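Student: Please read through the structure below; I'll follow up with questions.
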2 protein chains.
Amino acid sequence: MTGYGPQGLALTPAGGSARDLIFERIRAAGQIARVDIARDLSISPATVTTLTADLMSRTLIEETADGPGAGGARGRPRVALRLRADAHVVAGLKLGDRGVTVVLLDFAGRQLAEATTPAGPIPCDAEAVIAAVETALDEGLAQAGLRRADLAFIGIGVPGFVATQTGIVHWSPALSVRDVPLARLLQQRLGRPVVIDNDANLLAMAELWFGVGRAMRDFIVVTIEQGVGMGIVLGNRLYRGTRGRGVEFGHMKVQPEGALCRCGQRGCLEAYVADYALLREAETALPHAPPASQDRLEKLFAEAKAGNLAARSIFHRAGRLFAIGLANIVNIFDPELVILSGEQMRYDYLYSDAVREGMEANSLDLGHPPVELRIHKWEDQLWAKGAAALALDRLSEQLVAGEMADA
Amino acid sequence: MTGYGPQGLALTPAGGSARDLIFERIRAAGQIARVDIARDLSISPATVTTLTADLMSRTLIEETADGPGAGGARGRPRVALRLRADAHVVAGLKLGDRGVTVVLLDFAGRQLAEATTPAGPIPCDAEAVIAAVETALDEGLAQAGLRRADLAFIGIGVPGFVATQTGIVHWSPALSVRDVPLARLLQQRLGRPVVIDNDANLLAMAELWFGVGRAMRDFIVVTIEQGVGMGIVLGNRLYRGTRGRGVEFGHMKVQPEGALCRCGQRGCLEAYVADYALLREAETALPHAPPASQDRLEKLFAEAKAGNLAARSIFHRAGRLFAIGLANIVNIFDPELVILSGEQMRYDYLYSDAVREGMEANSLDLGHPPVELRIHKWEDQLWAKGAAALALDRLSEQLVAGEMADA
DNA sequence: GCTTTAAATTGAGTGATCGAATTTAATTGG
DNA sequence: CCAATTAAATTCGATCACTCAATTTAAAGC
């Protein structure tokens, strides 16, 4: 008499109310008339009128003054709605090797300010990270003529193992200590709500909220710099793995008993394609170069292009294994699109046709066309925009909850 | 003016109504009183009364006659509800090498009949498969004293690449032809609605609906026999990949330029651990054995146990690569549990402590305890029960839709 | 038999949403 | 310039899902 079927609820308990759906629709469209909302969401025009009036009374949206938009209209002209730009401001920050980047976005998604402040040497302790964030944030606020109190939410991208729900950074190349409750510490210091996440996840968020990913249900973003990161979007949502930590693509094993990785294991993808892995090999093959530096990697690539066989083989192997790793991911998730993003993209050996071909050769041909592969030039503030997207996401949740509370 | 944020809906549009949730709760519990439903689902007792009355009028559930259950109760005794066993009957079938297995389940999840009928040589054409299904089904129906018309839904598990939504089998080791619209053909022949799915997915369904997976949100089922299959459950739902086909674990590359796989590529996991891969190697190392047969694999394993180094190395390599493949999956999904299931489980080299250790050694240590690994003895009808679970799942959807239609 | 207890039910009330009718703001044609 | 036309937006009454508070029901305890 124990029954059968999943014990957890297979059905989603609630789902978004019509008000939330309308809000999301307006945000996604930028400008949209009530009729179109009703049509898009299969909601009656009556409801749309009621709920948009409610959203307007909460000063979240407004009617636009500008012309009709839709061509030679006959009847009553449609009135477009949009988010009120002045409703809220959020900040997004990214902790990087070269410093801290910050962007400020208004509620309409427009960028109000962008700044990068150099950071000290990493790894450093929590206090130094907090101070660096504080400096960058204040710089951005100064540009926009705002104060900290004006921020509705702050999102921060951190490399490493980050648990978003708890706000704890379990390990990060930027931090000399483990298990830092960074979100809480920053919230205390900055006086505003803070949410943190793995930086690769935020790159996926950036594509989902501001990039090509907006129109895709399922896609993957891969980035290579110091390590190898991956963000997965399934069903228009960032998939964070079942325990809320990032997905670990860099430590997929692509070669049994292979090269030694920073993580202590062997054969990880990262141990073949990350900066340190390439440089490590270069040290063996080309001992004449100066000690490890960003510069050296470029030199190494130049040598490969010039025909140095040792250098060439380093990149060749990296590309081959990278293609295998990508193919494995594609076989498992079968996404609509794979985006390769990262500052190292200039290295044609990793983001090249050879990799694309290798990936396709290693992906199962199921009769449908191969996965679309796009290469996105790395923009410094894209990561920060992803962090801002996370902040906007949380802000929305908060607004919905608030609406429920006082409705 | 293009807005921002995902264009698809991030919020789930509707979600289950209270009636659906109550129905699911009763099914999951087997026996449950109205008060408990109200408490578990945070729904008012009044609603539970109303909606259970509705479900009873639809003859889906009934009150039980038996004693109170809860200890020395004082007040009005609670009346337990349960699904009406006689409401519906579903069939689940599995196409296997050894034949077709069928189970019949009543609406209370109890097994009414079970039968296996031997099948002809595979691969064969669609007509032969349909005939085999028909024979097995009628055998099961005869056992239970039922007719085809009594079946509410029929679920069928097919090895290979199966698109569930369209009901098309794109490729299967059981079929000599490609892209067979098997669900439609069977539906026409049997006169009852048919749903098909990849057999590994159905094994996951079986665990989710009837096994340990019932209490787990996220778990993975891996099975090895002819090929390597995997089913993934995320958030109490089977994850089928973004295009509705099964997840391709068997063709994960675990060795660059490695062994040749049936799929034509190199280094696939399957090319190291599937039956044919082991036998292929045995042919090289142990040319004295009789030609390929199930029997030979057992012999090979016996030799390995007896100390034959060549035989031993075959299983050793298979186990090592299998562990790597598992570790990669665990790194990506970070599930609560991994279930290893399959008839070949007797071969300790694949489902052994060595594999467990290998998997843990290759999984990233993130400070939490390693993933739980369970080995489930292969039961012939477990696959078929998974197919029945799929049928029950579809039946529920249909009932919900029907409820909406005539409510 | 009366009280106590807890489950189940009932009936009034609320909020979300819809359908049909109405109002509004434009265009077009006379 | 003024109807007629068109389509967007709004209004109003109705419905449905669900809740709350009060009531009924079926048992145990005294």
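We label chains A, B, ... in the order they appear in the structure tokens, count residues from 1 in each chain, and number ligands from 1 in the order shown.
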I'd like the contact shell of range 8-25 of chain C - 10 Å cut-off, only C-alpha atoms (C1' of nucleotides), skipping same-chain residues fewer than 6 positions apart - returned as a PyMOL selection string.
Tutor: (chain A and resi 17-18+43-48+74-78) or (chain B and resi 34-35+45-46+48-50+76-79) or (chain D and resi 7-26)
Student: If you keep C-alpha atoms (C1' of nucleotides), can you produce a file of those selected residues as a compact mmCIF listing (two decimals), in the first residue's frame?
Tutor:
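again.txt was written with the following content:
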# COMPACT_ATOMS: atom_id res chain seq x y z
CA SER A 17 0.71 34.18 -12.44
CA ALA A 18 -0.62 36.11 -15.40
CA ILE A 43 -4.80 35.79 -22.08
CA SER A 44 -7.97 37.80 -22.46
CA PRO A 45 -7.57 41.50 -23.28
CA ALA A 46 -9.64 42.28 -20.22
CA THR A 47 -7.08 40.66 -17.97
CA VAL A 48 -4.24 42.41 -19.72
CA ARG A 74 -7.05 51.93 -39.11
CA GLY A 75 -8.79 51.72 -35.77
CA ARG A 76 -7.75 52.96 -32.39
CA PRO A 77 -3.97 53.01 -32.33
CA ARG A 78 -2.24 50.52 -30.11
CA ARG B 34 -7.81 14.00 3.23
CA VAL B 35 -6.25 15.81 6.18
CA PRO B 45 -9.29 20.90 3.73
CA ALA B 46 -12.32 22.39 2.05
CA VAL B 48 -9.49 18.68 -0.70
CA THR B 49 -13.06 17.64 0.05
CA THR B 50 -14.38 19.30 -3.06
CA ARG B 76 -13.56 11.26 13.82
CA PRO B 77 -11.42 8.64 12.17
CA ARG B 78 -9.61 9.64 9.02
CA VAL B 79 -10.82 8.02 5.87
C1' DA D 7 -9.33 48.02 -34.14
C1' DA D 8 -7.55 48.83 -29.35
C1' DA D 9 -8.76 49.29 -24.90
C1' DT D 10 -11.95 49.19 -21.24
C1' DT D 11 -15.95 47.98 -18.40
C1' DC D 12 -19.08 44.95 -16.28
C1' DG D 13 -21.15 40.78 -14.96
C1' DA D 14 -20.19 35.92 -14.50
C1' DT D 15 -17.45 31.92 -13.49
C1' DC D 16 -14.11 29.11 -11.39
C1' DA D 17 -10.73 27.77 -8.00
C1' DC D 18 -9.83 28.17 -3.69
C1' DT D 19 -10.01 29.79 1.27
C1' DC D 20 -11.94 30.81 5.93
C1' DA D 21 -14.92 30.11 9.54
C1' DA D 22 -18.55 27.65 11.20
C1' DT D 23 -20.82 23.26 11.36
C1' DT D 24 -21.49 18.44 11.14
C1' DT D 25 -19.87 13.81 11.78
C1' DA D 26 -17.81 9.73 13.88
Student: Could you produce a table of the residues of chain B lying within 6 Å of chain A, with the nearest pair of atoms per residue and their separation in Å rounded to one decimal, using only C-alpha atoms, ordered by chain and increasing residue number, as JSON lines?
Tutor:
{"residue": "B:Met1", "atom": "CA", "partner": "A:Gly30", "partner_atom": "CA", "distance": 5.2}
{"residue": "B:Thr2", "atom": "CA", "partner": "A:Gly30", "partner_atom": "CA", "distance": 4.7}
{"residue": "B:Gly3", "atom": "CA", "partner": "A:Gly30", "partner_atom": "CA", "distance": 3.4}
{"residue": "B:Tyr4", "atom": "CA", "partner": "A:Ala28", "partner_atom": "CA", "distance": 4.9}
{"residue": "B:Gly5", "atom": "CA", "partner": "A:Trp209", "partner_atom": "CA", "distance": 3.8}
{"residue": "B:Pro6", "atom": "CA", "partner": "A:Arg214", "partner_atom": "CA", "distance": 4.5}
{"residue": "B:Gln7", "atom": "CA", "partner": "A:Arg214", "partner_atom": "CA", "distance": 5.3}
{"residue": "B:Ala10", "atom": "CA", "partner": "A:Asn236", "partner_atom": "CA", "distance": 5.6}
{"residue": "B:Leu11", "atom": "CA", "partner": "A:Gly16", "partner_atom": "CA", "distance": 5.3}
{"residue": "B:Thr12", "atom": "CA", "partner": "A:Gly15", "partner_atom": "CA", "distance": 4.8}
{"residue": "B:Pro13", "atom": "CA", "partner": "A:Gly15", "partner_atom": "CA", "distance": 5.9}
{"residue": "B:Ala14", "atom": "CA", "partner": "A:Gly15", "partner_atom": "CA", "distance": 5.2}
{"residue": "B:Gly15", "atom": "CA", "partner": "A:Thr12", "partner_atom": "CA", "distance": 4.8}
{"residue": "B:Gly16", "atom": "CA", "partner": "A:Leu11", "partner_atom": "CA", "distance": 5.3}
{"residue": "B:Arg27", "atom": "CA", "partner": "A:Gly3", "partner_atom": "CA", "distance": 5.5}
{"residue": "B:Ala28", "atom": "CA", "partner": "A:Tyr4", "partner_atom": "CA", "distance": 4.9}
{"residue": "B:Ala29", "atom": "CA", "partner": "A:Gly3", "partner_atom": "CA", "distance": 4.9}
{"residue": "B:Gly30", "atom": "CA", "partner": "A:Gly3", "partner_atom": "CA", "distance": 3.4}
{"residue": "B:Leu208", "atom": "CA", "partner": "A:Pro6", "partner_atom": "CA", "distance": 5.7}
{"residue": "B:Trp209", "atom": "CA", "partner": "A:Gly5", "partner_atom": "CA", "distance": 3.9}
{"residue": "B:Phe210", "atom": "CA", "partner": "A:Tyr4", "partner_atom": "CA", "distance": 5.6}
{"residue": "B:Arg214", "atom": "CA", "partner": "A:Pro6", "partner_atom": "CA", "distance": 4.5}
{"residue": "B:Ala215", "atom": "CA", "partner": "A:Gln7", "partner_atom": "CA", "distance": 5.5}
{"residue": "B:Asn236", "atom": "CA", "partner": "A:Ala10", "partner_atom": "CA", "distance": 5.5}
{"residue": "B:Gly241", "atom": "CA", "partner": "A:Phe333", "partner_atom": "CA", "distance": 5.2}
{"residue": "B:Thr242", "atom": "CA", "partner": "A:Asp334", "partner_atom": "CA", "distance": 5.8}
{"residue": "B:Val247", "atom": "CA", "partner": "A:Ile332", "partner_atom": "CA", "distance": 5.2}
{"residue": "B:Glu248", "atom": "CA", "partner": "A:Ile332", "partner_atom": "CA", "distance": 5.5}
{"residue": "B:Met252", "atom": "CA", "partner": "A:Asn328", "partner_atom": "CA", "distance": 5.2}
{"residue": "B:Val254", "atom": "CA", "partner": "A:Val254", "partner_atom": "CA", "distance": 5.7}
{"residue": "B:Gln255", "atom": "CA", "partner": "A:Gln255", "partner_atom": "CA", "distance": 5.6}
{"residue": "B:Asn328", "atom": "CA", "partner": "A:Met252", "partner_atom": "CA", "distance": 5.2}
{"residue": "B:Asn331", "atom": "CA", "partner": "A:Glu248", "partner_atom": "CA", "distance": 5.6}
{"residue": "B:Ile332", "atom": "CA", "partner": "A:Val247", "partner_atom": "CA", "distance": 5.2}
{"residue": "B:Phe333", "atom": "CA", "partner": "A:Gly241", "partner_atom": "CA", "distance": 5.2}
{"residue": "B:Asp334", "atom": "CA", "partner": "A:Thr242", "partner_atom": "CA", "distance": 5.8}
Student: Just want the 6 Å neighbourhood of range 199-202 of chain A, counted on only C-alpha atoms (C1' of nucleotides), with same-chain residues fewer than 6 positions away dropped. Output as a ChimeraX atom specification.
Tutor: /A:157-159,229-231,386-387
Student: Given the choices B:Ala119, B:Asp353, B:Ala73, B:Ala302, which gets closest to DG29 in chain D if the distance is worked out from only C-alpha atoms (C1' of nucleotides)?
Tutor: B:Ala73
Student: By how many Å are CA of Glu134 in chain A and CA of Val400 in chain A apart?
Tutor: 28.7 Å
Student: One number please: CA of Glu62 in chain B to CA of Ala85 in chain B, in Å, one decimal.
Tutor: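 If I compute the distance from CA of Glu62 in chain B to CA of Ala85 in chain B, I get 9.2 Å.
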Student: Where does DSSP see alpha helix (DSSP H) in range 340-399 of chain A, if you list the residues as a PyMOL selection string?
Tutor: chain A and resi 353-362+380-399
Student: Using only C-alpha atoms (C1' of nucleotides), determine which residues lie at most 10 Å from Arg189 in chain A, disregarding the query and same-chain residues fewer than 5 positions distant; provide the list as a list in words.
Tutor: Ile130, Ala131, Glu134, Ala183 and Arg184 of chain A
Student: Suppose we keep N, CA and C atoms; can you now write the selection as a tab-separated table (two decimals), in the first residue's frame?
Tutor:
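Produced file part-v1.tsv, reproduced below:
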chain	number	residue	atom	x	y	z
A	130	ILE	N	36.74	42.06	-1.15
A	130	ILE	CA	35.64	42.95	-0.81
A	130	ILE	C	36.01	44.40	-1.10
A	131	ALA	N	37.22	44.75	-0.72
A	131	ALA	CA	37.68	46.12	-0.95
A	131	ALA	C	37.72	46.43	-2.44
A	134	GLU	N	34.27	46.95	-3.71
A	134	GLU	CA	33.78	48.23	-3.21
A	134	GLU	C	34.33	49.38	-4.08
A	183	ALA	N	28.75	36.41	-0.38
A	183	ALA	CA	27.52	37.18	-0.58
A	183	ALA	C	27.13	37.90	0.71
A	184	ARG	N	27.19	37.17	1.80
A	184	ARG	CA	26.81	37.77	3.08
A	184	ARG	C	27.77	38.90	3.46
Student: A:Thr59, A:Ala80, A:Phe153, A:Leu337: which is nearest chain D, counting only C-alpha atoms (C1' of nucleotides)?
Tutor: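 Result for the nearest residue to chain D: A:Ala80.
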Student: Can I get the residues of chain C within 7 Å of chain B, each with the closest pair of atoms and their distance in Å to one decimal, using only C-alpha atoms (C1' of nucleotides), sorted chain first then ascending number, as a Markdown table?
Tutor:
| residue | atom | partner | partner_atom | distance |
| --- | --- | --- | --- | --- |
| C:DT5 | C1' | B:Gly75 | CA | 4.3 |
| C:DA6 | C1' | B:Gly75 | CA | 4.1 |
| C:DA7 | C1' | B:Arg76 | CA | 5.2 |
Student: Those selected residues, please, written with N, CA and C atoms (P, O5', C5', C4', C3', O3' and C1' of nucleotides) and delivered as a PDB file, in the first residue's frame.
Tutor:
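Wrote it out as part35.pdb, contents follow:
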ATOM      1  P    DT C   5     -10.232  17.911  24.436  1.00  0.00           P
ATOM      2  O5'  DT C   5     -10.046  17.186  23.034  1.00  0.00           O
ATOM      3  C5'  DT C   5      -9.677  15.806  22.999  1.00  0.00           C
ATOM      4  C4'  DT C   5      -9.860  15.277  21.599  1.00  0.00           C
ATOM      5  C3'  DT C   5      -9.276  16.172  20.511  1.00  0.00           C
ATOM      6  O3'  DT C   5      -8.192  15.501  19.915  1.00  0.00           O
ATOM      7  C1'  DT C   5     -11.425  15.298  19.916  1.00  0.00           C
ATOM      8  P    DA C   6      -7.087  16.358  19.070  1.00  0.00           P
ATOM      9  O5'  DA C   6      -7.494  15.923  17.603  1.00  0.00           O
ATOM     10  C5'  DA C   6      -7.554  14.535  17.288  1.00  0.00           C
ATOM     11  C4'  DA C   6      -8.363  14.354  16.033  1.00  0.00           C
ATOM     12  C3'  DA C   6      -7.907  15.241  14.875  1.00  0.00           C
ATOM     13  O3'  DA C   6      -7.771  14.426  13.731  1.00  0.00           O
ATOM     14  C1'  DA C   6     -10.231  15.425  15.204  1.00  0.00           C
ATOM     15  P    DA C   7      -7.241  14.954  12.365  1.00  0.00           P
ATOM     16  O5'  DA C   7      -8.502  14.555  11.480  1.00  0.00           O
ATOM     17  C5'  DA C   7      -8.942  13.205  11.505  1.00  0.00           C
ATOM     18  C4'  DA C   7     -10.176  13.059  10.658  1.00  0.00           C
ATOM     19  C3'  DA C   7     -10.036  13.588   9.248  1.00  0.00           C
ATOM     20  O3'  DA C   7     -10.559  12.623   8.351  1.00  0.00           O
ATOM     21  C1'  DA C   7     -11.847  14.676  10.362  1.00  0.00           C
TER      22       DA C   7
END
Student: Provide the CA of Val195 in chain A to CA of Gly167 in chain A distance in Å, to one decimal place.
Tutor: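 It comes out at 6.7 Å.
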Student: Report the residues of range 239-339 of chain A whose backbone DSSP state falls under strand (DSSP E or B), written as a count of residues only.
Tutor: 8
